[in-house]
Amino acid sequence: MLITKVKDHRKIQEILKGYNPFVFKCFGCREVHFPEEEINEILKEGQGHLKGIARIDYLCREEFTRRYLEAFENEVRATKSILVFSCGVGVQVVSRLLEEKIVFPGCDTFYLNGFQGVTAQDFDCEQCGQCWLNLTGGICPLTACSKGLLNGPCGGTTKDGKCEVNSEMDCGWVLIYKRLQSIGRLDLLKKSAVNVRDYNLIIRAAVK
Ligand code: SF4
Ligand code: SF4
């Protein structure tokens with residue numbers, strides 16, 4: 001099970017004002033705490049900057065999300081950016097479906113003991129409590145990289161872009177590089193120093 005916590009309100013307002021995004025809110029997992037009232041307050045404050053909002057259940061199900069994208073095609077086409085309030089899996093699904101957009105996570109995802117709604121399919125979220133996906137093209141460095149590296153590849157990537165730990169797996173950092181290159185945001189790798197991960201935010205070890 002997991003809990004989603006809204007990111008710093010000021011930073012979200014900056015995204016709304018600076019990028020005029022389309023917004024997804026996922027309320028799919030009934031067992032999961034989703035702070036919808038808090039999110040609605042934030043969106044109300046920044047409503048003049050939104051291209052549109054979709055409230056969706058199970059954003060983590062790619063086939064559902066694809067249908068919603070078709071329904072909101074015009075609004076989504078009118079912006080280069082998407083703001084997603086969901087767990088990390090939902091953000092990754094939207095990022096893959098909209099590879100040409102910048103996708104911002106509006107929440108951080110934390111671990112809680114117990115069942116987690118719909119089982120994630122292609123994507124996984126380590127529930128790290130500090131979502132980096134806006135810096136990594138929507139690809140999670142913790143789950144796409146065998147070593148969970150946050151600051152780039154380990155140096156062992158093979159010439160054909162595979163992981164040195166598992167030759168059948170694409171290197172997560174090659175995927176991140178290619179994604180950022182395709183949206184013209186390689187500058188994120190040069191300019192954005194990813195903070196040292198705060199392991200205090202991961203309560204998994206403390207939960208017996
Ligand atoms: S960075 Fe990865 S592990 Fe952390 S919350 Fe985002 S998707 Fe989950
Ligand atoms: S080769 Fe790539 S995916 Fe594998 S551990 Fe190194 S950086 Fe991570």
# chains A, B, ... in the order shown; residues from 1 in each chain; ligands from 1
>>> residues_near_ligand(ligand="ligand 2", cutoff="7 Å", atoms="only C-alpha atoms and all ligand atoms", output="ChimeraX atom specification")
/A:144-149,152-157,162-165,170-174
>>> residues_near_ligand(ligand="ligand 1", cutoff="6 Å", atoms="only C-alpha atoms and all ligand atoms", output="list of chain:residue names")
A:Gly88, A:Val89, A:Asp108, A:Thr109, A:Cys125, A:Glu126, A:Gln127, A:Cys128, A:Gly129, A:Gln130, A:Cys131, A:Trp132, A:Leu133, A:Cys140, A:Leu142
>>> closest_atom_pairs(of="region 11-62 of chain A", to="region 75-85 of chain A", cutoff="6 Å", atoms="only C-alpha atoms", output="CSV")
residue,atom,partner,partner_atom,distance
A:Pro21,CA,A:Ser81,CA,4.7
A:Phe22,CA,A:Ile82,CA,4.9
A:Val23,CA,A:Leu83,CA,4.8
A:Phe24,CA,A:Val84,CA,4.8
A:Lys25,CA,A:Phe85,CA,4.8
A:Lys51,CA,A:Glu75,CA,5.8
>>> select_by_dssp(residues="region 57-116 of chain A", states="strand (DSSP E)", output="VMD selection string")
chain A and resid 81 to 85 102 to 105 107 to 111
>>> write_last_selection(atoms="C-alpha atoms", output="PDB file, in the first residue's frame")
ATOM      1  CA  SER A  81       3.290  20.033 -20.129  1.00  0.00           C
ATOM      2  CA  ILE A  82       1.275  17.673 -17.952  1.00  0.00           C
ATOM      3  CA  LEU A  83       0.937  17.802 -14.174  1.00  0.00           C
ATOM      4  CA  VAL A  84      -0.004  14.478 -12.592  1.00  0.00           C
ATOM      5  CA  PHE A  85      -1.365  13.948  -9.099  1.00  0.00           C
ATOM      6  CA  ILE A 102       7.232  17.372 -19.980  1.00  0.00           C
ATOM      7  CA  VAL A 103       5.436  15.498 -17.204  1.00  0.00           C
ATOM      8  CA  PHE A 104       5.592  16.826 -13.644  1.00  0.00           C
ATOM      9  CA  PRO A 105       4.712  14.718 -10.609  1.00  0.00           C
ATOM     10  CA  CYS A 107       2.895  14.199  -5.431  1.00  0.00           C
ATOM     11  CA  ASP A 108       5.549  12.241  -3.624  1.00  0.00           C
ATOM     12  CA  THR A 109       4.780   8.595  -3.006  1.00  0.00           C
ATOM     13  CA  PHE A 110       5.470   6.914   0.335  1.00  0.00           C
ATOM     14  CA  TYR A 111       5.298   3.293   1.325  1.00  0.00           C
TER      15      TYR A 111
END
>>> atom_distance(atom1="CA of Ile56 (chain A)", atom2="CA of Lys178 (chain A)")
29.0 Å
>>> closest_residue(among="A:Leu69, A:Ile15, A:Leu180, A:Cys29", to="Leu50 (chain A)", atoms="only C-alpha atoms")
A:Ile15
